[in-house]
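One structure is given below, encoded as C-alpha coordinates.
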Amino acid sequence: MKMSRRNRREWRIILWISLASAVISAYFGHAVAPNEPVLRGLLQGTLTSLLIATPIVFFEVRRARLNSLGWMRRLPLAGYFVVKVVFYCVVIVAGLILARLLMSIGTRQFVLFDSIFRNSVFFAIAMSVVGNLIIETGRLLGFGTLKNLLLGRYARPRNEQKAFLLIDMKDSTGLAEKLGAIRFHELLNAFFRDIADAAMECEAEIHKYVGDEVILTWPAGPALKEGDCLACPFLARRNIARNAARYRERFGAVPGFRAALHCGEIVAGEIGDVRREIAYVGDTLNVAARLLDASKGLRRDVLVSADLLALARLPSDLQAEPLPTLSIRGRDAPLEIAALSLRVGQDQV
(Lines give C-alpha, C1' and ligand atoms only; values in the text may rest on other atoms or scores of the structure.)
Protein backbone atom coordinates (compact mmCIF):
# COMPACT_ATOMS: atom_id res chain seq x y z
CA MET A 1 0.00 0.00 0.00
CA LYS A 2 1.34 3.43 -0.94
CA MET A 3 2.25 5.57 2.07
CA SER A 4 0.22 8.76 2.31
CA ARG A 5 1.86 12.17 2.27
CA ARG A 6 0.90 12.74 5.88
CA ASN A 7 2.55 9.46 6.91
CA ARG A 8 5.69 10.33 4.95
CA ARG A 9 5.77 13.78 6.55
CA GLU A 10 5.36 12.37 10.05
CA TRP A 11 8.07 9.75 9.53
CA ARG A 12 10.41 12.46 8.21
CA ILE A 13 9.78 14.49 11.39
CA ILE A 14 10.47 11.43 13.55
CA LEU A 15 13.65 10.65 11.60
CA TRP A 16 15.12 14.16 11.71
CA ILE A 17 14.33 14.76 15.39
CA SER A 18 15.72 11.33 16.29
CA LEU A 19 18.91 12.02 14.32
CA ALA A 20 19.35 15.44 15.95
CA SER A 21 18.79 13.90 19.40
CA ALA A 22 21.29 11.14 18.64
CA VAL A 23 23.99 13.66 17.69
CA ILE A 24 23.42 15.75 20.84
CA SER A 25 23.24 12.65 23.07
CA ALA A 26 26.38 11.19 21.52
CA TYR A 27 28.28 14.34 22.47
CA PHE A 28 26.74 14.29 25.96
CA GLY A 29 27.65 10.60 26.38
CA HIS A 30 31.29 11.44 25.75
CA ALA A 31 31.25 14.66 27.83
CA VAL A 32 29.89 13.06 31.03
CA ALA A 33 32.39 10.20 30.90
CA PRO A 34 35.67 11.73 29.69
CA ASN A 35 37.69 8.84 31.14
CA GLU A 36 35.87 6.31 29.00
CA PRO A 37 37.06 5.54 25.45
CA VAL A 38 35.66 8.12 23.04
CA LEU A 39 33.90 5.55 20.87
CA ARG A 40 32.23 3.94 23.88
CA GLY A 41 30.91 7.29 25.12
CA LEU A 42 29.59 8.23 21.69
CA LEU A 43 27.97 4.81 21.27
CA GLN A 44 26.31 4.88 24.68
CA GLY A 45 24.94 8.37 24.05
CA THR A 46 23.57 7.36 20.65
CA LEU A 47 22.03 4.15 22.02
CA THR A 48 20.43 6.03 24.92
CA SER A 49 18.92 8.54 22.50
CA LEU A 50 17.54 5.74 20.34
CA LEU A 51 15.86 4.11 23.35
CA ILE A 52 14.48 7.37 24.80
CA ALA A 53 14.06 10.08 22.14
CA THR A 54 12.63 7.84 19.41
CA PRO A 55 9.64 6.44 21.39
CA ILE A 56 8.89 9.90 22.84
CA VAL A 57 9.00 11.57 19.41
CA PHE A 58 6.89 8.76 17.93
CA PHE A 59 4.34 9.24 20.71
CA GLU A 60 4.20 13.01 20.22
CA VAL A 61 3.94 12.91 16.42
CA ARG A 62 1.67 9.90 15.99
CA ARG A 63 -0.61 9.99 19.02
CA ALA A 64 -3.23 12.05 17.19
CA ARG A 65 -3.55 9.12 14.75
CA LEU A 66 -3.92 6.48 17.48
CA ASN A 67 -7.59 6.07 18.39
CA SER A 68 -6.61 4.28 21.60
CA LEU A 69 -5.11 7.56 22.88
CA GLY A 70 -8.14 9.70 22.08
CA TRP A 71 -9.00 9.89 25.79
CA MET A 72 -5.95 12.11 26.35
CA ARG A 73 -7.52 14.92 24.33
CA ARG A 74 -10.43 15.01 26.76
CA LEU A 75 -8.27 15.40 29.87
CA PRO A 76 -7.93 18.73 31.69
CA LEU A 77 -4.65 20.46 30.88
CA ALA A 78 -3.13 19.54 34.27
CA GLY A 79 -4.12 15.89 33.88
CA TYR A 80 -2.79 15.85 30.33
CA PHE A 81 0.64 17.05 31.47
CA VAL A 82 0.72 14.61 34.41
CA VAL A 83 0.11 11.69 32.04
CA LYS A 84 2.87 12.92 29.74
CA VAL A 85 5.32 13.48 32.61
CA VAL A 86 4.71 9.94 33.92
CA PHE A 87 5.16 8.51 30.41
CA TYR A 88 8.36 10.51 29.89
CA CYS A 89 9.83 9.42 33.23
CA VAL A 90 9.08 5.74 32.57
CA VAL A 91 10.64 5.89 29.10
CA ILE A 92 13.69 7.85 30.31
CA VAL A 93 14.51 5.61 33.28
CA ALA A 94 13.78 2.39 31.36
CA GLY A 95 15.84 3.60 28.39
CA LEU A 96 18.83 4.53 30.53
CA ILE A 97 18.78 1.19 32.38
CA LEU A 98 18.40 -0.79 29.15
CA ALA A 99 21.21 1.18 27.48
CA ARG A 100 23.51 0.42 30.41
CA LEU A 101 22.59 -3.26 30.33
CA LEU A 102 23.34 -3.46 26.61
CA MET A 103 26.64 -1.57 26.97
CA SER A 104 27.73 -3.83 29.85
CA ILE A 105 27.37 -7.05 27.85
CA GLY A 106 30.70 -8.88 27.93
CA THR A 107 32.32 -6.42 30.35
CA ARG A 108 30.94 -7.67 33.69
CA GLN A 109 30.63 -4.04 34.71
CA PHE A 110 27.13 -2.86 35.44
CA VAL A 111 26.71 0.07 37.82
CA LEU A 112 23.20 1.47 37.93
CA PHE A 113 23.01 4.48 40.24
CA ASP A 114 26.06 6.70 39.95
CA SER A 115 26.73 10.33 39.05
CA ILE A 116 26.71 9.61 35.32
CA PHE A 117 23.29 7.94 35.58
CA ARG A 118 21.96 10.85 37.63
CA ASN A 119 23.30 13.41 35.14
CA SER A 120 21.87 11.39 32.26
CA VAL A 121 18.41 11.44 33.86
CA PHE A 122 18.56 15.23 34.27
CA PHE A 123 19.82 15.68 30.71
CA ALA A 124 17.13 13.39 29.25
CA ILE A 125 14.37 15.18 31.17
CA ALA A 126 15.66 18.59 30.05
CA MET A 127 15.82 17.43 26.41
CA SER A 128 12.27 16.03 26.67
CA VAL A 129 10.89 19.22 28.20
CA VAL A 130 12.49 21.40 25.51
CA GLY A 131 11.31 19.10 22.74
CA ASN A 132 7.82 18.97 24.22
CA LEU A 133 7.64 22.78 24.42
CA ILE A 134 8.63 23.03 20.75
CA ILE A 135 6.06 20.43 19.68
CA GLU A 136 3.22 21.94 21.74
CA THR A 137 4.05 25.47 20.56
CA GLY A 138 4.09 24.16 17.00
CA ARG A 139 0.68 22.59 17.50
CA LEU A 140 -0.66 25.84 18.94
CA LEU A 141 0.73 28.19 16.29
CA GLY A 142 1.23 25.75 13.43
CA PHE A 143 4.70 24.39 12.68
CA GLY A 144 5.01 26.52 9.56
CA THR A 145 4.11 29.66 11.51
CA LEU A 146 6.50 28.74 14.33
CA LYS A 147 9.35 28.20 11.86
CA ASN A 148 8.68 31.52 10.15
CA LEU A 149 8.49 33.39 13.47
CA LEU A 150 11.78 31.87 14.65
CA LEU A 151 13.51 32.66 11.36
CA GLY A 152 12.02 36.16 11.25
CA ARG A 153 10.76 35.62 7.72
CA TYR A 154 7.83 37.98 8.24
CA ALA A 155 9.49 40.49 10.57
CA ARG A 156 8.90 42.91 7.69
CA PRO A 157 5.73 42.65 5.56
CA ARG A 158 6.28 40.99 2.20
CA ASN A 159 4.23 40.28 -0.90
CA GLU A 160 3.50 36.64 -1.64
CA GLN A 161 1.38 34.61 -4.03
CA LYS A 162 -0.86 32.19 -2.14
CA ALA A 163 -3.84 29.93 -2.67
CA PHE A 164 -6.57 29.86 -0.04
CA LEU A 165 -9.23 27.32 0.84
CA LEU A 166 -12.04 28.40 3.18
CA ILE A 167 -14.23 25.66 4.68
CA ASP A 168 -17.40 26.49 6.59
CA MET A 169 -19.65 23.97 8.40
CA LYS A 170 -23.24 23.78 7.17
CA ASP A 171 -26.13 24.46 9.57
CA SER A 172 -23.79 25.13 12.47
CA THR A 173 -26.40 27.26 14.26
CA GLY A 174 -28.97 24.47 14.14
CA LEU A 175 -26.44 21.89 15.33
CA ALA A 176 -25.35 24.16 18.18
CA GLU A 177 -28.95 24.59 19.32
CA LYS A 178 -29.58 20.85 19.10
CA LEU A 179 -26.39 19.70 20.82
CA GLY A 180 -25.70 22.50 23.28
CA ALA A 181 -22.46 24.46 23.56
CA ILE A 182 -20.27 21.71 25.05
CA ARG A 183 -21.24 18.91 22.65
CA PHE A 184 -21.17 21.30 19.69
CA HIS A 185 -17.59 22.19 20.63
CA GLU A 186 -16.78 18.46 20.61
CA LEU A 187 -18.38 18.17 17.18
CA LEU A 188 -16.33 21.10 15.89
CA ASN A 189 -13.18 19.50 17.24
CA ALA A 190 -13.89 16.21 15.46
CA PHE A 191 -14.85 18.09 12.28
CA PHE A 192 -11.63 20.12 12.32
CA ARG A 193 -9.55 16.98 12.92
CA ASP A 194 -10.92 15.42 9.73
CA ILE A 195 -10.13 18.62 7.83
CA ALA A 196 -6.65 18.75 9.39
CA ASP A 197 -5.99 15.22 8.16
CA ALA A 198 -6.87 16.33 4.63
CA ALA A 199 -4.76 19.47 5.02
CA MET A 200 -1.70 17.45 6.02
CA GLU A 201 -2.31 15.02 3.17
CA CYS A 202 -2.29 17.96 0.76
CA GLU A 203 0.58 19.73 2.57
CA ALA A 204 -1.55 22.77 3.41
CA GLU A 205 -0.91 25.19 6.25
CA ILE A 206 -3.82 25.67 8.64
CA HIS A 207 -3.83 29.46 8.88
CA LYS A 208 -6.55 29.82 11.51
CA TYR A 209 -9.92 28.69 12.85
CA VAL A 210 -12.69 31.30 12.94
CA GLY A 211 -15.77 29.98 14.70
CA ASP A 212 -17.00 27.08 12.57
CA GLU A 213 -14.71 28.03 9.67
CA VAL A 214 -11.15 27.02 8.90
CA ILE A 215 -8.73 28.77 6.53
CA LEU A 216 -6.09 26.70 4.74
CA THR A 217 -3.34 28.12 2.57
CA TRP A 218 -0.57 27.05 0.19
CA PRO A 219 2.27 28.98 -1.42
CA ALA A 220 1.64 29.28 -5.15
CA GLY A 221 3.76 26.60 -6.79
CA PRO A 222 3.60 22.81 -6.39
CA ALA A 223 0.18 22.95 -4.69
CA LEU A 224 -1.23 24.54 -7.85
CA LYS A 225 0.72 22.53 -10.40
CA GLU A 226 -0.21 19.24 -8.76
CA GLY A 227 -3.80 20.25 -7.98
CA ASP A 228 -3.49 19.51 -4.25
CA CYS A 229 -5.50 22.56 -3.22
CA LEU A 230 -8.40 21.54 -5.51
CA ALA A 231 -8.41 17.99 -4.14
CA CYS A 232 -8.27 19.04 -0.48
CA PRO A 233 -12.00 19.71 0.18
CA PHE A 234 -12.89 16.34 -1.33
CA LEU A 235 -10.33 14.56 0.83
CA ALA A 236 -11.88 16.31 3.85
CA ARG A 237 -15.33 15.15 2.74
CA ARG A 238 -13.97 11.61 2.34
CA ASN A 239 -12.57 11.67 5.88
CA ILE A 240 -15.90 12.84 7.29
CA ALA A 241 -17.76 10.15 5.31
CA ARG A 242 -15.44 7.46 6.66
CA ASN A 243 -16.23 8.60 10.21
CA ALA A 244 -19.98 8.98 9.54
CA ALA A 245 -20.97 6.18 11.90
CA ARG A 246 -18.95 7.74 14.72
CA TYR A 247 -20.50 11.16 14.09
CA ARG A 248 -24.04 9.70 14.16
CA GLU A 249 -23.32 7.74 17.33
CA ARG A 250 -21.86 10.72 19.22
CA PHE A 251 -23.80 13.66 17.77
CA GLY A 252 -26.76 12.26 15.87
CA ALA A 253 -25.67 13.96 12.63
CA VAL A 254 -22.87 13.99 10.08
CA PRO A 255 -21.56 17.52 9.44
CA GLY A 256 -21.37 18.90 5.92
CA PHE A 257 -19.53 21.96 4.67
CA ARG A 258 -19.19 24.55 1.93
CA ALA A 259 -15.81 25.52 0.54
CA ALA A 260 -14.28 28.24 -1.62
CA LEU A 261 -10.90 28.42 -3.34
CA HIS A 262 -9.07 31.45 -4.70
CA CYS A 263 -5.48 32.57 -5.22
CA GLY A 264 -3.59 35.81 -5.67
CA GLU A 265 -1.19 38.24 -4.08
CA ILE A 266 -1.35 39.03 -0.38
CA VAL A 267 0.84 40.90 2.09
CA ALA A 268 2.13 38.64 4.87
CA GLY A 269 3.69 39.95 8.05
CA GLU A 270 3.92 39.55 11.80
CA ILE A 271 1.25 41.37 13.75
CA GLY A 272 0.66 41.86 17.47
CA ASP A 273 2.88 42.49 20.48
CA VAL A 274 1.76 40.50 23.52
CA ARG A 275 0.60 37.69 21.24
CA ARG A 276 2.19 37.43 17.82
CA GLU A 277 0.80 35.82 14.73
CA ILE A 278 1.33 36.00 10.99
CA ALA A 279 -1.47 37.94 9.29
CA TYR A 280 -2.43 37.90 5.61
CA VAL A 281 -3.83 41.16 4.26
CA GLY A 282 -5.20 41.87 0.81
CA ASP A 283 -8.01 41.49 -1.65
CA THR A 284 -7.33 37.80 -2.27
CA LEU A 285 -8.60 36.59 1.09
CA ASN A 286 -11.57 38.97 0.93
CA VAL A 287 -12.57 37.58 -2.48
CA ALA A 288 -12.32 34.03 -1.14
CA ALA A 289 -14.66 34.99 1.72
CA ARG A 290 -17.19 36.50 -0.73
CA LEU A 291 -16.97 33.35 -2.83
CA LEU A 292 -17.76 31.27 0.25
CA ASP A 293 -20.77 33.46 1.00
CA ALA A 294 -21.99 33.00 -2.59
CA SER A 295 -21.84 29.19 -2.38
CA LYS A 296 -24.99 29.09 -0.25
CA GLY A 297 -27.09 31.09 -2.69
CA LEU A 298 -25.74 29.12 -5.65
CA ARG A 299 -26.37 25.83 -3.84
CA ARG A 300 -22.93 24.53 -4.70
CA ASP A 301 -20.72 23.05 -2.03
CA VAL A 302 -17.31 23.80 -3.57
CA LEU A 303 -16.65 26.96 -5.59
CA VAL A 304 -13.37 27.94 -7.20
CA SER A 305 -12.28 31.10 -8.99
CA ALA A 306 -11.24 30.95 -12.64
CA ASP A 307 -7.99 32.65 -11.55
CA LEU A 308 -7.09 29.56 -9.56
CA LEU A 309 -8.35 27.11 -12.18
CA ALA A 310 -6.15 28.75 -14.79
CA LEU A 311 -3.05 28.01 -12.70
CA ALA A 312 -3.91 24.65 -11.14
CA ARG A 313 -3.99 21.19 -12.63
CA LEU A 314 -7.48 19.76 -12.23
CA PRO A 315 -7.27 16.27 -10.66
CA SER A 316 -8.58 13.54 -12.97
CA ASP A 317 -11.41 12.58 -10.59
CA LEU A 318 -12.80 16.13 -10.41
CA GLN A 319 -14.80 18.22 -12.83
CA ALA A 320 -15.29 22.00 -13.00
CA GLU A 321 -18.63 23.44 -14.12
CA PRO A 322 -18.46 27.11 -15.20
CA LEU A 323 -21.03 29.34 -13.47
CA PRO A 324 -22.25 32.91 -14.14
CA THR A 325 -19.74 35.57 -13.14
CA LEU A 326 -19.94 36.91 -9.60
CA SER A 327 -20.01 40.65 -8.88
CA ILE A 328 -17.96 41.55 -5.82
CA ARG A 329 -18.19 44.88 -4.06
CA GLY A 330 -15.00 46.89 -4.43
CA ARG A 331 -13.82 44.86 -7.41
CA ASP A 332 -14.17 46.41 -10.87
CA ALA A 333 -14.31 43.25 -12.97
CA PRO A 334 -16.78 40.47 -12.14
CA LEU A 335 -15.20 37.25 -10.88
CA GLU A 336 -15.35 34.20 -13.12
CA ILE A 337 -16.10 31.12 -11.04
CA ALA A 338 -16.82 27.41 -11.34
CA ALA A 339 -18.29 24.64 -9.19
CA LEU A 340 -16.08 21.66 -8.39
CA SER A 341 -17.48 18.17 -7.99
CA LEU A 342 -16.46 14.54 -8.26
CA ARG A 343 -16.88 12.96 -11.67
CA VAL A 344 -19.76 10.54 -12.03
CA GLY A 345 -18.75 7.11 -10.82
CA GLN A 346 -16.06 8.34 -8.43
CA ASP A 347 -16.43 6.90 -4.93
CA GLN A 348 -16.06 9.54 -2.22
CA VAL A 349 -15.21 6.89 0.37
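Numbering starts fresh at 1 for the residues of each chain in the C-alpha coordinates, the chains themselves are lettered A, B, ... in the order given, and ligands are numbered from 1 as they appear.
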*Residue neighbourhood Glu321 of chain A, 7 Å, only C-alpha atoms, exclusion window fewer than 6 positions, as a list in words*: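 Within the cut-off, the hits are Ala338, Ala339 and Leu340 of chain A.
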*Select, from A:Tyr209, A:Tyr27, A:Tyr280, A:Phe191, the residue with the minimum atom-to-atom distance to Arg238 of chain A, counting only C-alpha atoms.*
A:Phe191
*Rank A:Ser295, A:Thr217, A:Ser21, A:Thr46 by their smallest atom-to-atom distance to Glu160 of chain A, using only C-alpha atoms, and report the top residue only.*
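Smallest separation from Glu160 of chain A among the options: A:Thr217.
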*Among listed residues A:Ile337, A:Leu47, A:Ala253, A:Val302, nearest Leu102 of chain A (using only C-alpha atoms)*: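 Checking each candidate against Leu102 of chain A, we get A:Leu47 as the closest.
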*Hey, what's within 12 Å of segment 322-325 of chain A if we count only C-alpha atoms and toss same-chain stuff fewer than 5 positions away? As a list in words, please?*
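Answer for this query is Leu291, Ala294, Ser295, Leu298, Arg299, Arg300, Val302, Leu303, Val304, Ser305, Ala306, Leu309, Ala333, Pro334, Leu335, Glu336, Ile337, Ala338, Ala339, Leu340 and Ser341 of chain A.
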Just the selected residues (N, CA and C atoms), exported as a PDB file, in the first residue's frame, please.
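Output (result_23.pdb):
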```
ATOM      1  N   LEU A 291     -16.671  34.561  -2.062  1.00  0.00           N
ATOM      2  CA  LEU A 291     -16.967  33.353  -2.832  1.00  0.00           C
ATOM      3  C   LEU A 291     -17.624  32.308  -1.934  1.00  0.00           C
ATOM      4  N   ALA A 294     -21.171  33.235  -1.404  1.00  0.00           N
ATOM      5  CA  ALA A 294     -21.993  33.000  -2.589  1.00  0.00           C
ATOM      6  C   ALA A 294     -22.363  31.530  -2.766  1.00  0.00           C
ATOM      7  N   SER A 295     -21.582  30.618  -2.176  1.00  0.00           N
ATOM      8  CA  SER A 295     -21.840  29.192  -2.383  1.00  0.00           C
ATOM      9  C   SER A 295     -23.209  28.771  -1.857  1.00  0.00           C
ATOM     10  N   LEU A 298     -25.870  29.887  -4.411  1.00  0.00           N
ATOM     11  CA  LEU A 298     -25.742  29.122  -5.654  1.00  0.00           C
ATOM     12  C   LEU A 298     -25.995  27.636  -5.443  1.00  0.00           C
ATOM     13  N   ARG A 299     -26.126  27.226  -4.191  1.00  0.00           N
ATOM     14  CA  ARG A 299     -26.371  25.826  -3.842  1.00  0.00           C
ATOM     15  C   ARG A 299     -25.301  24.902  -4.410  1.00  0.00           C
ATOM     16  N   ARG A 300     -24.075  25.338  -4.296  1.00  0.00           N
ATOM     17  CA  ARG A 300     -22.928  24.527  -4.703  1.00  0.00           C
ATOM     18  C   ARG A 300     -21.983  24.444  -3.514  1.00  0.00           C
ATOM     19  N   VAL A 302     -18.717  23.425  -3.371  1.00  0.00           N
ATOM     20  CA  VAL A 302     -17.310  23.798  -3.569  1.00  0.00           C
ATOM     21  C   VAL A 302     -17.204  24.726  -4.771  1.00  0.00           C
ATOM     22  N   LEU A 303     -16.826  25.978  -4.518  1.00  0.00           N
ATOM     23  CA  LEU A 303     -16.646  26.957  -5.591  1.00  0.00           C
ATOM     24  C   LEU A 303     -15.163  27.293  -5.717  1.00  0.00           C
ATOM     25  N   VAL A 304     -14.753  27.587  -6.940  1.00  0.00           N
ATOM     26  CA  VAL A 304     -13.373  27.943  -7.203  1.00  0.00           C
ATOM     27  C   VAL A 304     -13.340  29.088  -8.206  1.00  0.00           C
ATOM     28  N   SER A 305     -12.399  29.990  -8.053  1.00  0.00           N
ATOM     29  CA  SER A 305     -12.280  31.102  -8.995  1.00  0.00           C
ATOM     30  C   SER A 305     -11.579  30.623 -10.265  1.00  0.00           C
ATOM     31  N   ALA A 306     -11.907  31.272 -11.379  1.00  0.00           N
ATOM     32  CA  ALA A 306     -11.238  30.948 -12.642  1.00  0.00           C
ATOM     33  C   ALA A 306      -9.756  31.300 -12.564  1.00  0.00           C
ATOM     34  N   LEU A 309      -8.244  28.205 -11.200  1.00  0.00           N
ATOM     35  CA  LEU A 309      -8.347  27.106 -12.175  1.00  0.00           C
ATOM     36  C   LEU A 309      -7.351  27.267 -13.314  1.00  0.00           C
ATOM     37  N   ALA A 333     -13.900  44.310 -12.040  1.00  0.00           N
ATOM     38  CA  ALA A 333     -14.310  43.249 -12.970  1.00  0.00           C
ATOM     39  C   ALA A 333     -15.039  42.152 -12.206  1.00  0.00           C
ATOM     40  N   PRO A 334     -16.107  41.597 -12.788  1.00  0.00           N
ATOM     41  CA  PRO A 334     -16.777  40.468 -12.144  1.00  0.00           C
ATOM     42  C   PRO A 334     -15.840  39.258 -12.084  1.00  0.00           C
ATOM     43  N   LEU A 335     -16.066  38.405 -11.111  1.00  0.00           N
ATOM     44  CA  LEU A 335     -15.201  37.246 -10.883  1.00  0.00           C
ATOM     45  C   LEU A 335     -15.762  36.027 -11.609  1.00  0.00           C
ATOM     46  N   GLU A 336     -14.949  35.438 -12.461  1.00  0.00           N
ATOM     47  CA  GLU A 336     -15.347  34.195 -13.120  1.00  0.00           C
ATOM     48  C   GLU A 336     -15.131  33.040 -12.147  1.00  0.00           C
ATOM     49  N   ILE A 337     -16.152  32.201 -12.028  1.00  0.00           N
ATOM     50  CA  ILE A 337     -16.105  31.119 -11.035  1.00  0.00           C
ATOM     51  C   ILE A 337     -16.584  29.815 -11.650  1.00  0.00           C
ATOM     52  N   ALA A 338     -16.359  28.730 -10.922  1.00  0.00           N
ATOM     53  CA  ALA A 338     -16.823  27.406 -11.337  1.00  0.00           C
ATOM     54  C   ALA A 338     -17.141  26.588 -10.092  1.00  0.00           C
ATOM     55  N   ALA A 339     -17.966  25.571 -10.276  1.00  0.00           N
ATOM     56  CA  ALA A 339     -18.289  24.640  -9.194  1.00  0.00           C
ATOM     57  C   ALA A 339     -17.480  23.368  -9.392  1.00  0.00           C
ATOM     58  N   LEU A 340     -16.843  22.905  -8.334  1.00  0.00           N
ATOM     59  CA  LEU A 340     -16.080  21.663  -8.389  1.00  0.00           C
ATOM     60  C   LEU A 340     -16.914  20.520  -7.847  1.00  0.00           C
ATOM     61  N   SER A 341     -16.789  19.358  -8.466  1.00  0.00           N
ATOM     62  CA  SER A 341     -17.484  18.170  -7.985  1.00  0.00           C
ATOM     63  C   SER A 341     -16.743  16.937  -8.462  1.00  0.00           C
TER      64      SER A 341
END
```
*Can you work out which one of A:Asn189, A:Leu175, A:Ala312, A:Arg258 has the shortest atom-to-atom distance to Pro222 of chain A, counting only C-alpha atoms?*
A:Ala312
*Neighbours of Ala204 of chain A within 7 Å (only C-alpha atoms; same-chain residues fewer than 5 positions away dropped), as a list in words?*
Ala199, Leu216, Thr217 and Trp218 of chain A
What would the file look like if the residues just selected were written as a CSV table (one decimal), in the first residue's frame with N, CA and C atoms?
```
chain,number,residue,atom,x,y,z
A,199,ALA,N,-5.7,18.4,5.2
A,199,ALA,CA,-4.8,19.5,5.0
A,199,ALA,C,-3.3,18.9,5.0
A,216,LEU,N,-7.3,27.4,5.1
A,216,LEU,CA,-6.1,26.7,4.7
A,216,LEU,C,-5.4,27.5,3.6
A,217,THR,N,-4.1,27.4,3.6
A,217,THR,CA,-3.3,28.1,2.6
A,217,THR,C,-2.1,27.3,2.1
A,218,TRP,N,-1.8,27.6,0.8
A,218,TRP,CA,-0.6,27.0,0.2
A,218,TRP,C,0.2,28.2,-0.5
```
*atom CA of Phe87 of chain A and atom CA of Gly41 of chain A, how far apart in Å?*
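Here the two named atoms are 26.3 Å from each other.
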*asked:* Using Å and a single decimal, report how far atom CA of Lys208 of chain A sits from atom CA of Val254 of chain A.
replied: 22.8 Å
*Once DSSP has gone over the backbone, tell me which residues of segment 285-343 of chain A are in alpha helix (DSSP H), as a ChimeraX atom specification.*
/A:285-298,306-311
